[in-house]
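**Student:** Please read through the structure below; I'll follow up with questions.
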Amino acid sequence: MPAEGHALFWAAVTLGIYVLSRRTHRHMNRWWTSPLLVTWLLCFALALALHASYGDYIRGTHWLVTLLGPATVAFAMPIYEQRALIRRHWPILLAGILVGSTIAIGSSWALASALGLSADLRLSLLPRSVSTPFAIAFVEDVGGTPELAATCVVITGLIGASLGEVLLKWLPLRSSFARGALFGMGAHGAGTARARQVGSEEGSIAGLVMILAGLASVAIAPILAHFLR
Amino acid sequence: MFRRTSILLGRNRWLQTAGLIAIWFACEAFVRALALPVPGGVVGMALMLVLLASGRVRIAWFRRGSSGLLDHMLLFFVPATMALLDHRELFSLTGVKVLAVILVGTVLVMTGTALTVEACIRWKNRHAC
């Protein structure tokens with residue numbers, strides 16, 4: 001099959017599996033039927049079976065990743081619609097982001113050191129809670145490999161989106177702010193997409209927290225770099 | 001001009017989506033030209049918020065396009081997750097350790113953040129009334 005055929009094939013497979021998994025998720029609605037998890041597992045299994053490389057796969061599907069940019073712009077609408085709530089509670093959101101970012105960086109560092117991971121991997125794990133473009137900007141300042149960092153970010157999203165749903169059942173959270181912040185801080189865009197399924201307020205807060213957490217990580221990167229290098 | 005834009009964008013979800021893509025594209029070009037450490041999408045979102053707040057853009061112009069894009073955001077992540085195909089070294093003990101760091105770390109981040117926000121909100125509500 002020529003390269004264009006490969007590209008078309010993977011785009012069609014991804015879209016097809018995604019549409020089916022969305023339908024299944026609407027019927028069953030469990031954390032393990034999350035479209036992200038199911039689509040990833042099935043595409044990955046198929047790619048392994050067909051001996052396809054990441055290069056083969058991404059050639060046909062890169063346009064999907066590109067759409068994350070316009071999706072970020074789209075967050076202006078739900079955030080603007082929640083402006084009254086945000087204006088009233090913004091110090092609380094900032095407190096959540098401060099605590100969340102500290103735990104994210106601190107826990108990655110401590111756990112990676114305790115398990116004896118290499119210095120490169122340890123640094124690449126630090127920005128795993130913020131979305132990919134921010135994580136790459138962070139790693140360029142602090143050290144570590146952009147590619148590995150992006151992979152850690154993606155695994156966090158994959159796990160976090162499902163994990164958040166389980167945690168929601170366990171934690172005594174009455175406010176939509178806390179539920180939204182949980183997803184936006186813990187699992188960036190993937191978590192935010194899940195938060196939108198929980199509720200529209202949760203979704204807007206998650207989107208705002210995700211973006212602010214990303215900006216915060218870029219802001220503290222030069223300071224961390226000073227201490228870690 | 002303002003009214004014509006309203007009528008044109010008000011109904012069509014695809015035109016709205018195309019408009020959002022165009023704004024992102026312009027902001028991405030701007031960010032690249034100045035080599036800013038912020039993604040173009042974030043600049044686009046900030047610009048959009050300013051335009052909405054100043055009344056130059058109405059939320060109805062982009063509501064359907066934005067909810068369409070946001071509804072399918074999980075799909076946009078799938079290709080990035082396939083990068084694991086080229087990181088077979090993660091399918092080993094190291095990978096299990098990385099997974100453990102991410103799993104435990106994410107539980108801590110989510111619990112810490114959510115409980116902080118929840119506690120602040122409850123405290124504020126009690127003292128406001």
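By order in the structure tokens, chains are A, B, ...; within a chain, residues start at 1; ligands start at 1, following the order shown.
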Find the residues near Ala219 of chain A: any atom within 12 Å, counting only C-alpha atoms, skip ones fewer than 2 places away on the same chain, and give them as a list in words.
**Tutor:**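 Surrounding residues, per the criterion: Ser101, Phe134, Ala135, Ala137, Phe138, Asp141, Val142, Leu212, Ala213, Gly214, Leu215, Ala216, Ser217, Ala221, Pro222, Ile223, Leu224 and Ala225 of chain A; Pro37 and Val38 of chain B.
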**Student:** Please report, as a Markdown table, each residue of segment 140-212 of chain A lying at most 10 Å from segment 51-72 of chain B, together with the nearest pair of atoms and the separation in Å rounded to one decimal; use only C-alpha atoms, and order rows by chain and ascending residue number.
**Tutor:**
```
| residue | atom | partner | partner_atom | distance |
| --- | --- | --- | --- | --- |
| A:Gly189 | CA | B:Leu70 | CA | 9.7 |
| A:Thr192 | CA | B:Leu70 | CA | 9.1 |
| A:Ala193 | CA | B:Leu70 | CA | 7.0 |
| A:Arg194 | CA | B:Asp71 | CA | 9.4 |
| A:Arg196 | CA | B:Asp71 | CA | 7.8 |
| A:Gln197 | CA | B:Asp71 | CA | 8.5 |
| A:Gly203 | CA | B:Leu70 | CA | 9.5 |
| A:Gly207 | CA | B:Leu70 | CA | 10.0 |
```
**Student:** Can you work out which residues from chain A touch chain B at a cut-off of 6 Å (counting only C-alpha atoms) and hand them back as a CSV table (one decimal) with N, CA, C and O atoms, in the first residue's frame?
**Tutor:**
```csv
chain,number,residue,atom,x,y,z
A,36,LEU,N,-11.6,7.7,25.0
A,36,LEU,CA,-10.1,7.8,24.8
A,36,LEU,C,-9.4,6.5,25.1
A,36,LEU,O,-8.5,6.1,24.3
A,40,TRP,N,-7.7,4.3,22.1
A,40,TRP,CA,-6.3,4.1,22.2
A,40,TRP,C,-5.9,2.6,22.2
A,40,TRP,O,-5.1,2.2,21.4
A,54,TYR,N,4.9,4.7,14.7
A,54,TYR,CA,4.2,5.9,15.0
A,54,TYR,C,4.2,6.8,13.8
A,54,TYR,O,3.2,7.5,13.5
A,64,LEU,N,-5.8,15.7,13.4
A,64,LEU,CA,-6.7,15.6,14.6
A,64,LEU,C,-6.0,16.3,15.8
A,64,LEU,O,-6.6,17.1,16.5
A,65,VAL,N,-4.7,16.1,15.9
A,65,VAL,CA,-3.9,16.7,17.0
A,65,VAL,C,-3.9,18.3,16.8
A,65,VAL,O,-4.1,19.0,17.8
A,69,GLY,N,-5.6,23.0,19.0
A,69,GLY,CA,-5.4,24.5,19.0
A,69,GLY,C,-6.7,25.2,19.0
A,69,GLY,O,-7.0,26.0,19.9
A,70,PRO,N,-7.5,25.0,17.9
A,70,PRO,CA,-8.8,25.7,17.8
A,70,PRO,C,-9.7,25.3,19.0
A,70,PRO,O,-10.5,26.2,19.5
A,71,ALA,N,-9.6,24.1,19.6
A,71,ALA,CA,-10.4,23.7,20.7
A,71,ALA,C,-10.0,24.6,21.9
A,71,ALA,O,-10.9,24.9,22.7
A,72,THR,N,-8.7,24.9,22.1
A,72,THR,CA,-8.3,25.8,23.2
A,72,THR,C,-9.0,27.2,23.0
A,72,THR,O,-9.5,27.8,24.0
A,73,VAL,N,-9.0,27.7,21.7
A,73,VAL,CA,-9.7,29.0,21.5
A,73,VAL,C,-11.2,28.9,21.9
A,73,VAL,O,-11.8,29.8,22.5
A,74,ALA,N,-11.8,27.7,21.6
A,74,ALA,CA,-13.2,27.5,21.8
A,74,ALA,C,-13.5,27.6,23.3
A,74,ALA,O,-14.7,27.9,23.7
A,76,ALA,N,-12.9,29.8,25.2
A,76,ALA,CA,-13.3,31.2,25.6
A,76,ALA,C,-14.8,31.3,25.8
A,76,ALA,O,-15.2,32.0,26.7
A,92,ILE,N,-10.0,31.4,45.1
A,92,ILE,CA,-10.0,29.9,45.4
A,92,ILE,C,-9.4,29.1,44.3
A,92,ILE,O,-8.7,28.1,44.5
A,96,GLY,N,-6.2,26.6,44.5
A,96,GLY,CA,-6.2,25.2,44.0
A,96,GLY,C,-5.1,24.9,43.0
A,96,GLY,O,-4.4,23.9,43.1
A,100,GLY,N,-2.2,22.4,43.6
A,100,GLY,CA,-2.1,21.3,42.6
A,100,GLY,C,-0.7,21.3,41.9
A,100,GLY,O,-0.1,20.2,41.8
A,103,ILE,N,2.0,20.0,44.3
A,103,ILE,CA,1.9,18.5,44.5
A,103,ILE,C,2.3,17.8,43.2
A,103,ILE,O,3.1,16.8,43.3
A,104,ALA,N,1.9,18.3,42.0
A,104,ALA,CA,2.3,17.7,40.8
A,104,ALA,C,3.8,17.5,40.6
A,104,ALA,O,4.3,16.5,40.4
A,107,SER,N,5.4,15.5,43.8
A,107,SER,CA,5.2,14.1,43.9
A,107,SER,C,5.9,13.4,42.7
A,107,SER,O,6.5,12.3,42.9
A,111,LEU,N,8.5,10.6,43.9
A,111,LEU,CA,8.2,9.2,43.5
A,111,LEU,C,9.3,8.7,42.5
A,111,LEU,O,9.8,7.5,42.7
A,154,VAL,N,0.8,12.5,28.0
A,154,VAL,CA,-0.3,11.7,27.3
A,154,VAL,C,-0.8,10.6,28.2
A,154,VAL,O,-2.0,10.3,28.4
A,178,ALA,N,-14.8,22.4,42.8
A,178,ALA,CA,-13.8,21.4,43.2
A,178,ALA,C,-13.8,20.2,42.1
A,178,ALA,O,-12.7,19.8,41.8
A,182,LEU,N,-10.4,19.4,39.9
A,182,LEU,CA,-9.8,18.1,40.0
A,182,LEU,C,-9.4,17.6,38.6
A,182,LEU,O,-8.3,17.2,38.4
A,186,GLY,N,-5.5,17.8,37.3
A,186,GLY,CA,-5.0,16.5,37.3
A,186,GLY,C,-4.7,15.9,36.0
A,186,GLY,O,-3.8,15.1,35.8
A,190,ALA,N,-7.5,16.1,28.5
A,190,ALA,CA,-8.2,14.8,28.5
A,190,ALA,C,-9.2,14.8,29.7
A,190,ALA,O,-10.4,14.4,29.6
```
**Student:** Given only C-alpha atoms as the basis, pick out the residue of A:Glu201, A:Phe9, A:Gly116, A:Arg179 nearest to Leu85 of chain A.
**Tutor:**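 So, comparing all the options, the nearest one is A:Glu201.
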**Student:** Please measure the separation of atom CA of Val209 of chain A and atom CA of Met185 of chain A, giving the value in Å to one decimal.
**Tutor:**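 Interatomic distance, atom CA of Val209 of chain A to atom CA of Met185 of chain A: 6.1 Å.
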**Student:** Kindly give the distance, in Å, that separates atom CA of Ile79 of chain A and atom CA of Val198 of chain A, rounded to a single decimal.
**Tutor:**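 Pair atom CA of Ile79 of chain A / atom CA of Val198 of chain A returns 16.0 Å.
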**Student:** DSSP on the backbone: which residues in segment 16-187 of chain A end up as helix (DSSP H, G or I)? Give the answer as a PyMOL selection string.
**Tutor:** chain A and resi 16-28+31-33+35-49+54-66+68-74+76-81+83-114+119-125+132-142+146-170+176-187
**Student:** Counting only C-alpha atoms, which of A:Ala181, A:Val218, A:Ser34, A:Ala84 gets nearest to Val139 of chain A?
**Tutor:**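 With only C-alpha atoms as the atom set, the closest residue is A:Val218.
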